[in-house]
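Structure, as structure tokens:
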Amino acid sequence: MCAAAAVAAAAGIAAFLVFGGGDGEKPAAGPTPADSLAPSDAPAEAAGPLVSGWRTVVNAKRGIAFDVPVEWAPKPTTWVSYAADDSDPDEMPLVGFSAPAILKEKWCLSDEDRDGTKEETALAAAGSRGESGARSTGEAARENARLWVYGNYAQPHKDKVTTGPAEPFTTESGLTGSVATATSSGVEVKDRCDFDGTATAFAFKDAKGEIVSWTFVGVRGVPDEVPDSTVRKILSTVRLVEKAS
């Protein structure tokens, strides 16, 4: 990770501010720290949230918006969160999304490698991405959810991840696609911030007919776990908006 990058952990996910690149690749990091973003770099607001009292999160690059409760913290479009293979020295992403909203960024703190720096684990995050190469929305939803749970919580045990079937889903705006959920169970606890996790992915087509997706990923089996009813309520607000020029 470039020393000039603004680096944080999000739901156990590596996260950084980037300039250029895409959701599924590790872009070059820019020199601007996250705490000095200009107002114009903040997430843009769509035409008001669909849920009263919530806030709208916009991925201007993808033209995707969704709403979250006010305690969630939106990140700018240039922010990418990803899960990487622990054994990969280059830390190439297994899966990622951009312009996320994060819940309780410092929910759990640990210093697993005992270098004196505490790593932050957030309770949950949600974001959107393109699905280049996906053959169907069902395939994209299942693989997205599986990779998030494996990469973020279950490594190196793929057999501890269960991925449900892809099912049809329609949002409040009439956006249709496929939704799938994956969970981990019985992960090896090596550190105080090791937990089971869950991910729900909704894949659909944008205005150009290209497959894109929205994903929720979070800690599972704890008192603070985001209930599925809340995840589904957030999911129901996913909609297409005008892309940034």
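For the structure tokens, the naming scheme is as follows: chains receive sequential letters (A, B, ...) according to their order of presentation, residues are indexed from 1 within each chain, and ligands are indexed from 1 in presentation order.
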Surrounding residues of A:Ile234 excluding itself and chain neighbours under 6 positions, 8 Å, only C-alpha atoms, as a list in words: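 Returned residues: Phe66, Asp67 and Val68 of chain A.
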With N, CA and C atoms retained, write the just-selected residues as a compact mmCIF listing (two decimals), in the first residue's frame.
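The result, stored in again_7.txt:
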```txt
# COMPACT_ATOMS: atom_id res chain seq x y z
N PHE A 66 -28.44 4.65 -3.12
CA PHE A 66 -29.22 3.90 -2.14
C PHE A 66 -29.25 4.71 -0.85
N ASP A 67 -30.17 4.38 0.02
CA ASP A 67 -30.33 5.12 1.28
C ASP A 67 -29.87 4.27 2.47
N VAL A 68 -29.36 4.96 3.50
CA VAL A 68 -28.93 4.29 4.73
C VAL A 68 -29.40 5.10 5.94
```
Residues within 9 Å of A:Asp224, only C-alpha atoms, excluding chain neighbours under 4 positions, as a list in words: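 Near neighbours after the sequence-gap exclusion: Leu123, Val219 and Arg220 of chain A.
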Closest contacts (stretch 192-224 of chain A/stretch 169-185 of chain A, max 7 Å, only C-alpha atoms) as a Markdown table:
```
| residue | atom | partner | partner_atom | distance |
| --- | --- | --- | --- | --- |
| A:Asp196 | CA | A:Ser184 | CA | 5.3 |
| A:Gly197 | CA | A:Ser184 | CA | 5.5 |
| A:Thr198 | CA | A:Thr183 | CA | 4.3 |
| A:Ala199 | CA | A:Ala182 | CA | 5.4 |
| A:Thr200 | CA | A:Thr181 | CA | 4.3 |
| A:Ala201 | CA | A:Ala180 | CA | 5.5 |
| A:Phe202 | CA | A:Val179 | CA | 4.3 |
| A:Ala203 | CA | A:Ser178 | CA | 5.4 |
| A:Phe204 | CA | A:Gly177 | CA | 4.3 |
```
Grab the residues selected above and save them as a PDB file, in the first residue's frame with N, CA and C atoms.
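Done, and the output landed in again00.pdb:
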```pdb
ATOM      1  N   ASP A 196     -17.707 -14.265  12.479  1.00  0.00           N
ATOM      2  CA  ASP A 196     -18.411 -14.727  11.290  1.00  0.00           C
ATOM      3  C   ASP A 196     -19.003 -13.511  10.594  1.00  0.00           C
ATOM      4  N   GLY A 197     -19.314 -13.677   9.301  1.00  0.00           N
ATOM      5  CA  GLY A 197     -19.851 -12.553   8.549  1.00  0.00           C
ATOM      6  C   GLY A 197     -20.963 -12.943   7.617  1.00  0.00           C
ATOM      7  N   THR A 198     -21.585 -11.943   7.039  1.00  0.00           N
ATOM      8  CA  THR A 198     -22.665 -12.160   6.085  1.00  0.00           C
ATOM      9  C   THR A 198     -22.586 -11.108   4.991  1.00  0.00           C
ATOM     10  N   ALA A 199     -23.071 -11.446   3.822  1.00  0.00           N
ATOM     11  CA  ALA A 199     -23.121 -10.488   2.712  1.00  0.00           C
ATOM     12  C   ALA A 199     -24.378 -10.745   1.898  1.00  0.00           C
ATOM     13  N   THR A 200     -25.025  -9.670   1.494  1.00  0.00           N
ATOM     14  CA  THR A 200     -26.181  -9.747   0.615  1.00  0.00           C
ATOM     15  C   THR A 200     -25.889  -8.908  -0.615  1.00  0.00           C
ATOM     16  N   ALA A 201     -25.956  -9.519  -1.789  1.00  0.00           N
ATOM     17  CA  ALA A 201     -25.625  -8.835  -3.038  1.00  0.00           C
ATOM     18  C   ALA A 201     -26.834  -8.808  -3.974  1.00  0.00           C
ATOM     19  N   PHE A 202     -27.051  -7.649  -4.570  1.00  0.00           N
ATOM     20  CA  PHE A 202     -28.125  -7.461  -5.544  1.00  0.00           C
ATOM     21  C   PHE A 202     -27.485  -7.051  -6.859  1.00  0.00           C
ATOM     22  N   ALA A 203     -27.639  -7.880  -7.889  1.00  0.00           N
ATOM     23  CA  ALA A 203     -27.069  -7.586  -9.208  1.00  0.00           C
ATOM     24  C   ALA A 203     -28.197  -7.258 -10.177  1.00  0.00           C
ATOM     25  N   PHE A 204     -27.959  -6.271 -11.029  1.00  0.00           N
ATOM     26  CA  PHE A 204     -28.991  -5.788 -11.944  1.00  0.00           C
ATOM     27  C   PHE A 204     -28.314  -5.119 -13.128  1.00  0.00           C
TER      28      PHE A 204
END
```
Test item, strand (DSSP E or B) assignment across stretch 95-208 of chain A, answer as a PyMOL selection string: chain A and resi 95-103+108-110+119-121+124-130+161-163+167-170+176-184+196-205
Output file for the residues above (N, CA and C atoms, as a compact mmCIF listing (two decimals), in the first residue's frame):
```txt
# COMPACT_ATOMS: atom_id res chain seq x y z
N VAL A 95 -12.57 -9.04 -4.34
CA VAL A 95 -13.82 -8.36 -4.64
C VAL A 95 -13.77 -6.99 -3.98
N GLY A 96 -14.49 -6.04 -4.54
CA GLY A 96 -14.49 -4.70 -3.96
C GLY A 96 -15.70 -3.91 -4.40
N PHE A 97 -15.92 -2.77 -3.76
CA PHE A 97 -16.93 -1.83 -4.22
C PHE A 97 -16.48 -0.42 -3.92
N SER A 98 -17.12 0.55 -4.53
CA SER A 98 -16.72 1.94 -4.34
C SER A 98 -17.88 2.78 -3.80
N ALA A 99 -17.55 4.00 -3.39
CA ALA A 99 -18.52 4.94 -2.82
C ALA A 99 -19.38 4.28 -1.75
N PRO A 100 -18.77 3.63 -0.76
CA PRO A 100 -19.57 2.91 0.22
C PRO A 100 -20.11 3.81 1.33
N ALA A 101 -20.99 3.24 2.12
CA ALA A 101 -21.38 3.82 3.40
C ALA A 101 -20.95 2.81 4.46
N ILE A 102 -20.41 3.29 5.57
CA ILE A 102 -19.84 2.41 6.58
C ILE A 102 -20.52 2.66 7.93
N LEU A 103 -20.79 1.58 8.65
CA LEU A 103 -21.42 1.67 9.97
C LEU A 103 -20.41 1.32 11.05
N CYS A 108 -14.48 -2.49 16.32
CA CYS A 108 -13.55 -3.37 17.03
C CYS A 108 -12.12 -2.95 16.68
N LEU A 109 -11.25 -2.86 17.68
CA LEU A 109 -9.85 -2.48 17.47
C LEU A 109 -8.94 -3.60 17.96
N SER A 110 -7.89 -3.90 17.19
CA SER A 110 -6.95 -4.94 17.58
C SER A 110 -5.58 -4.66 17.00
N GLU A 119 -5.56 -1.99 14.27
CA GLU A 119 -6.37 -2.06 13.07
C GLU A 119 -7.83 -1.90 13.45
N GLU A 120 -8.58 -1.24 12.57
CA GLU A 120 -9.99 -0.97 12.83
C GLU A 120 -10.87 -1.95 12.05
N THR A 121 -11.86 -2.48 12.72
CA THR A 121 -12.87 -3.32 12.08
C THR A 121 -14.22 -2.66 12.26
N ALA A 124 -20.23 -2.88 9.66
CA ALA A 124 -20.85 -3.20 8.37
C ALA A 124 -20.50 -2.14 7.35
N ALA A 125 -20.70 -2.47 6.08
CA ALA A 125 -20.50 -1.52 4.99
C ALA A 125 -21.38 -1.93 3.82
N ALA A 126 -21.68 -0.99 2.94
CA ALA A 126 -22.45 -1.28 1.73
C ALA A 126 -21.96 -0.37 0.62
N GLY A 127 -21.87 -0.91 -0.59
CA GLY A 127 -21.39 -0.13 -1.72
C GLY A 127 -21.81 -0.77 -3.04
N SER A 128 -21.38 -0.17 -4.14
CA SER A 128 -21.78 -0.66 -5.46
C SER A 128 -20.58 -0.76 -6.39
N ARG A 129 -20.74 -1.51 -7.47
CA ARG A 129 -19.63 -1.77 -8.39
C ARG A 129 -20.15 -2.24 -9.74
N GLY A 130 -19.26 -2.29 -10.72
CA GLY A 130 -19.55 -2.90 -11.99
C GLY A 130 -19.25 -4.38 -11.92
N VAL A 161 -18.12 -21.21 4.23
CA VAL A 161 -19.01 -20.23 3.59
C VAL A 161 -20.18 -20.95 2.93
N THR A 162 -21.38 -20.51 3.23
CA THR A 162 -22.59 -21.05 2.60
C THR A 162 -23.24 -19.94 1.78
N THR A 163 -23.47 -20.21 0.51
CA THR A 163 -24.08 -19.23 -0.39
C THR A 163 -25.46 -19.72 -0.82
N GLU A 167 -32.21 -15.17 -6.15
CA GLU A 167 -33.66 -15.04 -6.27
C GLU A 167 -34.00 -13.71 -6.93
N PRO A 168 -35.10 -13.64 -7.66
CA PRO A 168 -35.50 -12.36 -8.27
C PRO A 168 -35.88 -11.33 -7.21
N PHE A 169 -35.57 -10.07 -7.49
CA PHE A 169 -35.89 -9.00 -6.54
C PHE A 169 -36.17 -7.72 -7.31
N THR A 170 -37.12 -6.95 -6.83
CA THR A 170 -37.46 -5.67 -7.43
C THR A 170 -37.43 -4.58 -6.36
N THR A 176 -35.16 -4.24 -11.39
CA THR A 176 -35.25 -5.69 -11.22
C THR A 176 -33.89 -6.34 -11.39
N GLY A 177 -33.69 -7.44 -10.67
CA GLY A 177 -32.43 -8.16 -10.76
C GLY A 177 -32.46 -9.39 -9.89
N SER A 178 -31.29 -9.83 -9.42
CA SER A 178 -31.16 -11.03 -8.61
C SER A 178 -30.47 -10.71 -7.30
N VAL A 179 -30.94 -11.31 -6.21
CA VAL A 179 -30.32 -11.10 -4.90
C VAL A 179 -29.90 -12.44 -4.33
N ALA A 180 -28.73 -12.47 -3.65
CA ALA A 180 -28.22 -13.68 -3.02
C ALA A 180 -27.52 -13.31 -1.73
N THR A 181 -27.54 -14.21 -0.78
CA THR A 181 -26.90 -13.99 0.52
C THR A 181 -25.93 -15.12 0.83
N ALA A 182 -24.77 -14.76 1.37
CA ALA A 182 -23.78 -15.75 1.81
C ALA A 182 -23.47 -15.50 3.28
N THR A 183 -23.16 -16.54 4.01
CA THR A 183 -22.79 -16.42 5.42
C THR A 183 -21.62 -17.35 5.72
N SER A 184 -20.90 -17.03 6.78
CA SER A 184 -19.86 -17.94 7.27
C SER A 184 -20.29 -18.46 8.63
N ASP A 196 -17.71 -14.26 12.48
CA ASP A 196 -18.41 -14.73 11.29
C ASP A 196 -19.00 -13.51 10.59
N GLY A 197 -19.31 -13.68 9.30
CA GLY A 197 -19.85 -12.55 8.55
C GLY A 197 -20.96 -12.94 7.62
N THR A 198 -21.59 -11.94 7.04
CA THR A 198 -22.66 -12.16 6.08
C THR A 198 -22.59 -11.11 4.99
N ALA A 199 -23.07 -11.45 3.82
CA ALA A 199 -23.12 -10.49 2.71
C ALA A 199 -24.38 -10.75 1.90
N THR A 200 -25.02 -9.67 1.49
CA THR A 200 -26.18 -9.75 0.61
C THR A 200 -25.89 -8.91 -0.62
N ALA A 201 -25.96 -9.52 -1.79
CA ALA A 201 -25.63 -8.83 -3.04
C ALA A 201 -26.83 -8.81 -3.97
N PHE A 202 -27.05 -7.65 -4.57
CA PHE A 202 -28.13 -7.46 -5.54
C PHE A 202 -27.48 -7.05 -6.86
N ALA A 203 -27.64 -7.88 -7.89
CA ALA A 203 -27.07 -7.59 -9.21
C ALA A 203 -28.20 -7.26 -10.18
N PHE A 204 -27.96 -6.27 -11.03
CA PHE A 204 -28.99 -5.79 -11.94
C PHE A 204 -28.31 -5.12 -13.13
N LYS A 205 -29.10 -4.64 -14.08
CA LYS A 205 -28.53 -3.99 -15.24
C LYS A 205 -28.75 -2.48 -15.17
```
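One finds atom CA of A:Thr237 at 6.4 Å from atom CA of A:Leu50.
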Residue list (helix (DSSP H, G or I), DSSP) for stretch 24-204 of chain A, as an NGL selection string: :A and (34-36 or 39-41 or 137-154 or 158-160)
Can I get the selected residues back with C-alpha atoms, as a PDB file, in the first residue's frame?
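Written file, selection_20.pdb:
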```
ATOM      1  CA  ALA A  34      -9.407  11.318   3.648  1.00  0.00           C
ATOM      2  CA  ASP A  35      -9.828  13.958   6.347  1.00  0.00           C
ATOM      3  CA  SER A  36      -9.052  16.848   3.978  1.00  0.00           C
ATOM      4  CA  PRO A  39     -16.717  19.704  -0.214  1.00  0.00           C
ATOM      5  CA  SER A  40     -17.010  18.894  -3.928  1.00  0.00           C
ATOM      6  CA  ASP A  41     -15.454  15.479  -3.269  1.00  0.00           C
ATOM      7  CA  THR A 137     -27.326 -11.181 -12.605  1.00  0.00           C
ATOM      8  CA  GLY A 138     -27.798 -14.405 -10.650  1.00  0.00           C
ATOM      9  CA  GLU A 139     -24.185 -15.440 -11.151  1.00  0.00           C
ATOM     10  CA  ALA A 140     -22.944 -11.971 -10.219  1.00  0.00           C
ATOM     11  CA  ALA A 141     -25.029 -11.814  -7.026  1.00  0.00           C
ATOM     12  CA  ARG A 142     -23.955 -15.240  -5.730  1.00  0.00           C
ATOM     13  CA  GLU A 143     -20.265 -14.802  -6.538  1.00  0.00           C
ATOM     14  CA  ASN A 144     -20.176 -11.288  -5.107  1.00  0.00           C
ATOM     15  CA  ALA A 145     -21.730 -12.376  -1.799  1.00  0.00           C
ATOM     16  CA  ARG A 146     -19.519 -15.483  -1.574  1.00  0.00           C
ATOM     17  CA  LEU A 147     -16.283 -13.613  -2.205  1.00  0.00           C
ATOM     18  CA  TRP A 148     -17.052 -10.920   0.354  1.00  0.00           C
ATOM     19  CA  VAL A 149     -17.726 -13.439   3.107  1.00  0.00           C
ATOM     20  CA  TYR A 150     -14.756 -15.648   2.230  1.00  0.00           C
ATOM     21  CA  GLY A 151     -12.321 -12.777   1.761  1.00  0.00           C
ATOM     22  CA  ASN A 152     -13.477 -10.784   4.739  1.00  0.00           C
ATOM     23  CA  TYR A 153     -14.238 -13.396   7.388  1.00  0.00           C
ATOM     24  CA  ALA A 154     -13.633 -17.066   6.499  1.00  0.00           C
ATOM     25  CA  LYS A 158     -13.862 -21.903   1.817  1.00  0.00           C
ATOM     26  CA  ASP A 159     -15.941 -24.722   3.290  1.00  0.00           C
ATOM     27  CA  LYS A 160     -17.115 -22.416   6.082  1.00  0.00           C
TER      28      LYS A 160
END
```
Polymer residues at most 7 Å from A:Leu240, only C-alpha atoms, same-chain spacing of 6 or more positions, as an MDAnalysis selection string: chainID A and resid 63:65 206
Among listed residues A:Pro49, A:Ser229, A:Ile211, A:Gly221, nearest A:Ser132 (using only C-alpha atoms): A:Ile211
Atomic distance atom CA of A:Ala84 - atom CA of A:Gln155, expressed in Å with one decimal: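 Taking atom CA of A:Ala84 as the start and atom CA of A:Gln155 as the end point, the length is 9.8 Å.
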Atomic separation - atom CA of A:Asn59 relative to atom CA of A:Thr77, Å: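 Atom CA of A:Asn59 lies 5.4 Å from atom CA of A:Thr77.
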Option closest in space to A:Arg135, from A:Ala122, A:Val187, A:Met92, A:Val212 [counting only C-alpha atoms]: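 Among the listed residues, the smallest separation from A:Arg135 belongs to A:Val212.
Counting only C-alpha atoms and comparing A:Gly186, A:Pro76, A:Gly48, A:Pro93, the residue that lies closest to A:Ala60 is A:Pro76.
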